[in-house]
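I have placed the structure first, in the form of structure tokens, so that the comments after it can refer back to it.
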Amino acid sequence: MLVQGEAESHRTTFTYNSAVIGGHLEGNQICVHVSETNSLKEWNGTSTALNPDLVLVPNLVVNSAGLSAPALAKRFTGLASEVIPSAYYARGCYFTLSNTKTTPFQHLIYPIPEDGGLGVHVTLDLNGQVKFGPDVEWIDSIDDISRIRPKLSGPGQPPVDFVIQGENIHGIPGLVNLFGIESPGLTSSLAIAEYIVTRFLG
Ligand SMILES: Cc1cc2nc3c(=O)[nH]c(=O)nc-3n(C[C@H](O)[C@H](O)[C@H](O)COP(=O)(O)OP(=O)(O)OC[C@H]3O[C@@H](n4cnc5c(N)ncnc54)[C@H](O)[C@@H]3O)c2cc1C
């Protein structure tokens, strides 16, 4: 993959089949606990009785675990629980318009936003196929890994912007938590990365 190759040629190392299971502070230094995913098969994700395979002591840790970011932050011993926001989840599904020979739409159509989402909009892919979505289905917990928005506000509450938390918020140097990186998080990812580098690595 081109992007991966470019990153590796700039001295990035990707580690697969491993997960960050928590962390602790030594003085003011954040230490990150890592385990092979194979060792986690029996782990329920919450109990504390789990020894890491590896402890890393990095200069900067960016908790960008998406849906799992708040749960992972709770496993950083020494991070004040008050700074970890409540998590809400809303699934978004897309629907394809089938059984029509001619599309009834020539343009993308964006309705006004709805509670929890931008509104079910109409998109046309490069083949002219019509898709509707994403809709909004509030769910109580992560029951699947895909299509779920990591939200920081619940049904009927005003929307909350991305939360990018550094030492100025939680007091731990070298730790950045990313919470609520829902749409347009993908579009914003390079800008978020630039912001983190400028703000926390400068
Ligand atoms: C229905 C829907 C439609 C969307 N549409 C758009 C759109 O049109 N435009 C747009 O810009 N964005 C869109 N988004 C949002 C976009 O997908 C997210 O903002 C983006 O994926 C967030 O990236 P992330 O890296 O923060 O989190 P994720 O993409 O969720 O990545 C988190 C990664 O961390 C890994 N991880 C989790 N826990 C651990 C752990 N303990 N240890 C190691 N790794 C871990 C996960 O496996 C995952 O690979 C949409 C999202 C949804 C749900």
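Labels for the structure tokens follow display order: chains A, B, ..., residues from 1 in each chain, ligands from 1.
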Contacts of A:His24 at 9 Å or less, counting only C-alpha atoms, minus same-chain residues fewer than 4 places along, as a PDB file with N, CA and C atoms, in the first residue's frame?
```pdb
ATOM      1  N   GLN A  29       6.187  10.364  33.426  1.00  0.00           N
ATOM      2  CA  GLN A  29       6.382   9.683  32.136  1.00  0.00           C
ATOM      3  C   GLN A  29       5.303   8.629  31.919  1.00  0.00           C
ATOM      4  N   ILE A  30       4.632   8.724  30.770  1.00  0.00           N
ATOM      5  CA  ILE A  30       3.607   7.723  30.464  1.00  0.00           C
ATOM      6  C   ILE A  30       4.260   6.467  29.887  1.00  0.00           C
ATOM      7  N   CYS A  31       3.876   5.325  30.424  1.00  0.00           N
ATOM      8  CA  CYS A  31       4.362   4.034  29.940  1.00  0.00           C
ATOM      9  C   CYS A  31       3.147   3.278  29.391  1.00  0.00           C
ATOM     10  N   VAL A  32       3.304   2.670  28.234  1.00  0.00           N
ATOM     11  CA  VAL A  32       2.178   2.060  27.538  1.00  0.00           C
ATOM     12  C   VAL A  32       2.301   0.541  27.559  1.00  0.00           C
ATOM     13  N   HIS A  33       1.208  -0.135  27.913  1.00  0.00           N
ATOM     14  CA  HIS A  33       1.216  -1.602  28.005  1.00  0.00           C
ATOM     15  C   HIS A  33       0.662  -2.196  26.709  1.00  0.00           C
ATOM     16  N   ARG A  75      -7.979   2.999  31.276  1.00  0.00           N
ATOM     17  CA  ARG A  75      -6.975   2.011  31.697  1.00  0.00           C
ATOM     18  C   ARG A  75      -5.577   2.623  31.823  1.00  0.00           C
ATOM     19  N   PHE A  76      -5.490   3.959  31.662  1.00  0.00           N
ATOM     20  CA  PHE A  76      -4.224   4.647  31.933  1.00  0.00           C
ATOM     21  C   PHE A  76      -4.223   5.055  33.411  1.00  0.00           C
ATOM     22  N   THR A  77      -3.554   4.261  34.237  1.00  0.00           N
ATOM     23  CA  THR A  77      -3.505   4.565  35.666  1.00  0.00           C
ATOM     24  C   THR A  77      -2.788   5.905  35.856  1.00  0.00           C
ATOM     25  N   GLY A  78      -3.433   6.807  36.599  1.00  0.00           N
ATOM     26  CA  GLY A  78      -2.832   8.123  36.827  1.00  0.00           C
ATOM     27  C   GLY A  78      -3.537   9.215  36.036  1.00  0.00           C
ATOM     28  N   LEU A  79      -4.331   8.827  35.043  1.00  0.00           N
ATOM     29  CA  LEU A  79      -5.122   9.813  34.293  1.00  0.00           C
ATOM     30  C   LEU A  79      -6.420  10.045  35.053  1.00  0.00           C
TER      31      LEU A  79
END
```
Taking only C-alpha atoms and all ligand atoms into account, list the residues no farther than 8 Å from ligand 1, as number ranges by chain. A: 18-22, 34, 64-69, 72, 90-94, 133-135, 146-150, 178-189
Which residues in stretch 24-198 of chain A does DSSP call alpha helix (DSSP H)? List them as a PyMOL selection string. chain A and resi 69-74+167-170+185-198
Atoms to include: N, CA, C and O atoms. Write the selected residues as a tab-separated table (two decimals), in the first residue's frame.
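Ended up saving to out-v1.tsv:
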```
chain	number	residue	atom	x	y	z
A	69	ALA	N	-11.41	4.69	22.44
A	69	ALA	CA	-10.52	5.68	23.06
A	69	ALA	C	-10.90	5.99	24.52
A	69	ALA	O	-10.02	6.00	25.39
A	70	PRO	N	-12.19	6.22	24.84
A	70	PRO	CA	-12.51	6.48	26.25
A	70	PRO	C	-12.22	5.27	27.14
A	70	PRO	O	-11.68	5.42	28.24
A	71	ALA	N	-12.56	4.05	26.67
A	71	ALA	CA	-12.32	2.85	27.48
A	71	ALA	C	-10.82	2.65	27.70
A	71	ALA	O	-10.38	2.28	28.80
A	72	LEU	N	-10.03	2.92	26.66
A	72	LEU	CA	-8.58	2.76	26.81
A	72	LEU	C	-8.03	3.81	27.79
A	72	LEU	O	-7.21	3.48	28.66
A	73	ALA	N	-8.53	5.04	27.67
A	73	ALA	CA	-8.06	6.11	28.58
A	73	ALA	C	-8.32	5.73	30.03
A	73	ALA	O	-7.52	6.03	30.92
A	74	LYS	N	-9.43	5.04	30.28
A	74	LYS	CA	-9.75	4.61	31.66
A	74	LYS	C	-8.72	3.63	32.18
A	74	LYS	O	-8.61	3.40	33.38
A	167	GLU	N	-1.53	17.80	27.63
A	167	GLU	CA	-1.10	18.05	29.01
A	167	GLU	C	-1.84	19.23	29.63
A	167	GLU	O	-2.11	19.23	30.84
A	168	ASN	N	-2.19	20.22	28.81
A	168	ASN	CA	-2.88	21.41	29.33
A	168	ASN	C	-4.22	21.04	29.97
A	168	ASN	O	-4.72	21.74	30.85
A	169	ILE	N	-4.81	19.93	29.53
A	169	ILE	CA	-6.11	19.50	30.08
A	169	ILE	C	-5.93	18.48	31.20
A	169	ILE	O	-6.53	18.60	32.27
A	170	HIS	N	-5.08	17.46	30.95
A	170	HIS	CA	-5.03	16.36	31.93
A	170	HIS	C	-3.74	16.33	32.76
A	170	HIS	O	-3.63	15.54	33.69
A	185	GLY	N	-14.04	12.93	10.54
A	185	GLY	CA	-12.73	12.60	11.10
A	185	GLY	C	-11.74	12.12	10.06
A	185	GLY	O	-10.54	12.39	10.15
A	186	LEU	N	-12.25	11.38	9.06
A	186	LEU	CA	-11.35	10.88	8.02
A	186	LEU	C	-10.81	12.06	7.20
A	186	LEU	O	-9.61	12.20	7.00
A	187	THR	N	-11.72	12.94	6.78
A	187	THR	CA	-11.32	14.12	6.02
A	187	THR	C	-10.38	14.99	6.84
A	187	THR	O	-9.47	15.62	6.30
A	188	SER	N	-10.60	15.04	8.14
A	188	SER	CA	-9.83	15.93	9.00
A	188	SER	C	-8.54	15.30	9.51
A	188	SER	O	-7.79	15.94	10.25
A	189	SER	N	-8.28	14.04	9.16
A	189	SER	CA	-7.20	13.31	9.84
A	189	SER	C	-5.82	13.96	9.67
A	189	SER	O	-5.05	14.04	10.63
A	190	LEU	N	-5.53	14.45	8.46
A	190	LEU	CA	-4.21	15.06	8.27
A	190	LEU	C	-4.11	16.37	9.06
A	190	LEU	O	-3.06	16.67	9.64
A	191	ALA	N	-5.21	17.13	9.09
A	191	ALA	CA	-5.21	18.39	9.86
A	191	ALA	C	-5.06	18.08	11.35
A	191	ALA	O	-4.34	18.80	12.07
A	192	ILE	N	-5.72	17.04	11.83
A	192	ILE	CA	-5.59	16.66	13.25
A	192	ILE	C	-4.14	16.28	13.54
A	192	ILE	O	-3.55	16.70	14.54
A	193	ALA	N	-3.54	15.49	12.63
A	193	ALA	CA	-2.14	15.07	12.83
A	193	ALA	C	-1.22	16.29	12.85
A	193	ALA	O	-0.33	16.40	13.72
A	194	GLU	N	-1.45	17.22	11.93
A	194	GLU	CA	-0.60	18.43	11.89
A	194	GLU	C	-0.75	19.23	13.18
A	194	GLU	O	0.22	19.75	13.73
A	195	TYR	N	-2.00	19.33	13.66
A	195	TYR	CA	-2.25	20.07	14.89
A	195	TYR	C	-1.50	19.43	16.06
A	195	TYR	O	-0.86	20.11	16.86
A	196	ILE	N	-1.55	18.09	16.14
A	196	ILE	CA	-0.88	17.39	17.25
A	196	ILE	C	0.63	17.61	17.19
A	196	ILE	O	1.28	17.90	18.20
A	197	VAL	N	1.19	17.50	15.99
A	197	VAL	CA	2.65	17.68	15.84
A	197	VAL	C	3.03	19.10	16.26
A	197	VAL	O	3.97	19.31	17.03
A	198	THR	N	2.27	20.09	15.77
A	198	THR	CA	2.61	21.48	16.07
A	198	THR	C	2.43	21.79	17.56
A	198	THR	O	3.26	22.43	18.18
```
DSSP on the backbone: what in stretch 57-196 of chain A comes out strand (DSSP E or B), as number ranges by chain? A: 61-63, 76, 88-91, 95-96, 109, 114, 117, 121-124, 130-133, 137-139, 148-151, 163-165, 175-179
Those same residues - N, CA, C and O atoms - I'd like them written as a compact mmCIF listing (two decimals), in the first residue's frame.
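Once written, part-v2.txt looks like this:
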```txt
# COMPACT_ATOMS: atom_id res chain seq x y z
N VAL A 61 2.41 9.69 23.17
CA VAL A 61 1.40 8.67 22.93
C VAL A 61 0.13 9.37 22.47
O VAL A 61 -0.36 10.28 23.14
N VAL A 62 -0.40 8.97 21.31
CA VAL A 62 -1.67 9.52 20.84
C VAL A 62 -2.71 8.41 20.94
O VAL A 62 -2.64 7.42 20.22
N ASN A 63 -3.63 8.59 21.88
CA ASN A 63 -4.71 7.61 22.02
C ASN A 63 -5.74 7.91 20.94
O ASN A 63 -6.62 8.74 21.11
N PHE A 76 -5.49 3.96 31.66
CA PHE A 76 -4.22 4.65 31.93
C PHE A 76 -4.22 5.06 33.41
O PHE A 76 -4.82 6.05 33.79
N TYR A 88 -21.10 7.82 23.76
CA TYR A 88 -22.38 7.44 23.18
C TYR A 88 -22.12 6.87 21.79
O TYR A 88 -21.11 7.20 21.17
N TYR A 89 -23.02 6.04 21.34
CA TYR A 89 -22.77 5.35 20.07
C TYR A 89 -23.99 5.44 19.16
O TYR A 89 -25.11 5.27 19.60
N ALA A 90 -23.72 5.70 17.89
CA ALA A 90 -24.81 5.75 16.91
C ALA A 90 -24.34 5.08 15.63
O ALA A 90 -23.34 5.49 15.04
N ARG A 91 -25.06 4.03 15.24
CA ARG A 91 -24.69 3.32 14.01
C ARG A 91 -25.25 4.06 12.79
O ARG A 91 -26.30 4.68 12.86
N PHE A 95 -27.92 2.50 2.24
CA PHE A 95 -28.88 1.67 1.49
C PHE A 95 -28.71 1.94 0.00
O PHE A 95 -28.56 3.10 -0.42
N THR A 96 -28.72 0.87 -0.78
CA THR A 96 -28.56 1.00 -2.22
C THR A 96 -29.91 0.97 -2.91
O THR A 96 -30.78 0.17 -2.55
N ILE A 109 -27.67 14.93 -2.99
CA ILE A 109 -28.71 15.70 -2.29
C ILE A 109 -28.45 15.62 -0.78
O ILE A 109 -28.36 14.53 -0.22
N GLU A 114 -30.01 15.96 10.98
CA GLU A 114 -30.96 15.40 11.95
C GLU A 114 -30.22 15.15 13.26
O GLU A 114 -28.99 15.31 13.31
N GLY A 117 -26.77 13.18 13.29
CA GLY A 117 -26.15 12.97 11.98
C GLY A 117 -26.43 14.10 11.02
O GLY A 117 -27.17 15.05 11.34
N HIS A 121 -28.35 11.40 3.21
CA HIS A 121 -28.20 12.07 1.93
C HIS A 121 -28.08 11.07 0.78
O HIS A 121 -27.86 9.88 0.97
N VAL A 122 -28.26 11.61 -0.41
CA VAL A 122 -28.19 10.80 -1.63
C VAL A 122 -26.82 11.01 -2.26
O VAL A 122 -26.40 12.14 -2.48
N THR A 123 -26.12 9.90 -2.49
CA THR A 123 -24.86 10.01 -3.22
C THR A 123 -24.91 9.10 -4.45
O THR A 123 -25.63 8.10 -4.48
N LEU A 124 -24.17 9.50 -5.46
CA LEU A 124 -24.05 8.71 -6.69
C LEU A 124 -22.61 8.29 -6.79
O LEU A 124 -21.71 9.13 -6.74
N VAL A 130 -27.09 4.70 -6.99
CA VAL A 130 -27.61 5.61 -5.96
C VAL A 130 -27.50 4.96 -4.59
O VAL A 130 -27.88 3.80 -4.41
N LYS A 131 -26.99 5.74 -3.62
CA LYS A 131 -26.94 5.26 -2.24
C LYS A 131 -27.58 6.28 -1.32
O LYS A 131 -27.40 7.49 -1.50
N PHE A 132 -28.31 5.79 -0.32
CA PHE A 132 -28.88 6.65 0.71
C PHE A 132 -28.15 6.35 2.02
O PHE A 132 -27.91 5.20 2.35
N GLY A 133 -27.82 7.39 2.75
CA GLY A 133 -27.21 7.14 4.05
C GLY A 133 -26.19 8.22 4.40
O GLY A 133 -25.98 9.14 3.63
N GLU A 137 -28.84 5.31 14.11
CA GLU A 137 -29.50 4.38 15.04
C GLU A 137 -28.71 4.41 16.35
O GLU A 137 -27.57 3.94 16.40
N TRP A 138 -29.29 5.03 17.37
CA TRP A 138 -28.59 5.09 18.67
C TRP A 138 -28.53 3.69 19.27
O TRP A 138 -29.54 2.97 19.28
N ILE A 139 -27.35 3.29 19.73
CA ILE A 139 -27.20 1.97 20.35
C ILE A 139 -26.54 2.13 21.72
O ILE A 139 -25.84 3.12 21.97
N ILE A 148 -20.05 2.44 13.39
CA ILE A 148 -20.55 3.08 14.61
C ILE A 148 -19.79 4.38 14.86
O ILE A 148 -18.57 4.42 14.84
N ARG A 149 -20.55 5.45 15.10
CA ARG A 149 -19.95 6.75 15.37
C ARG A 149 -19.57 6.84 16.86
O ARG A 149 -20.42 6.56 17.71
N PRO A 150 -18.33 7.27 17.17
CA PRO A 150 -17.95 7.47 18.57
C PRO A 150 -18.40 8.85 19.02
O PRO A 150 -17.69 9.83 18.86
N LYS A 151 -19.59 8.94 19.61
CA LYS A 151 -20.15 10.26 19.89
C LYS A 151 -19.92 10.68 21.34
O LYS A 151 -19.80 9.85 22.24
N VAL A 163 -12.62 16.26 20.52
CA VAL A 163 -11.87 16.63 21.73
C VAL A 163 -10.44 16.14 21.56
O VAL A 163 -10.21 14.94 21.36
N ILE A 164 -9.50 17.07 21.60
CA ILE A 164 -8.07 16.74 21.50
C ILE A 164 -7.44 17.21 22.81
O ILE A 164 -7.29 18.39 23.04
N GLN A 165 -7.12 16.22 23.64
CA GLN A 165 -6.69 16.52 25.02
C GLN A 165 -5.20 16.32 25.19
O GLN A 165 -4.70 15.22 25.01
N LEU A 175 1.04 12.68 26.54
CA LEU A 175 -0.18 11.92 26.25
C LEU A 175 -1.20 12.84 25.57
O LEU A 175 -1.49 13.93 26.06
N VAL A 176 -1.69 12.39 24.43
CA VAL A 176 -2.76 13.10 23.73
C VAL A 176 -3.92 12.13 23.54
O VAL A 176 -3.75 11.05 22.97
N ASN A 177 -5.08 12.49 24.06
CA ASN A 177 -6.28 11.68 23.87
C ASN A 177 -7.15 12.30 22.78
O ASN A 177 -7.39 13.52 22.80
N LEU A 178 -7.60 11.47 21.85
CA LEU A 178 -8.54 11.93 20.82
C LEU A 178 -9.89 11.29 21.10
O LEU A 178 -10.03 10.07 21.03
N PHE A 179 -10.87 12.12 21.44
CA PHE A 179 -12.20 11.60 21.74
C PHE A 179 -13.22 12.17 20.74
O PHE A 179 -13.13 13.33 20.33
```
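Using only C-alpha atoms, the nearest neighbour of A:Ile172 within the list A:Glu26, A:Asp115, A:Asp53, A:Asp143 is A:Glu26.
Shortest atom-to-atom contact with A:Leu152 among A:Gly174, A:Gly202, A:Gly128, A:Pro85: A:Pro85, counting only C-alpha atoms.
Minimum atom-to-atom distances from A:Ser153, A:Leu25, A:Asp161, A:Phe200 to A:Ser86 were compared using only C-alpha atoms, and the lowest value belongs to A:Ser153.
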Interatomic distance, atom CA of A:Gly156 to atom CA of A:Ile112 (Å, one decimal): 15.7 Å
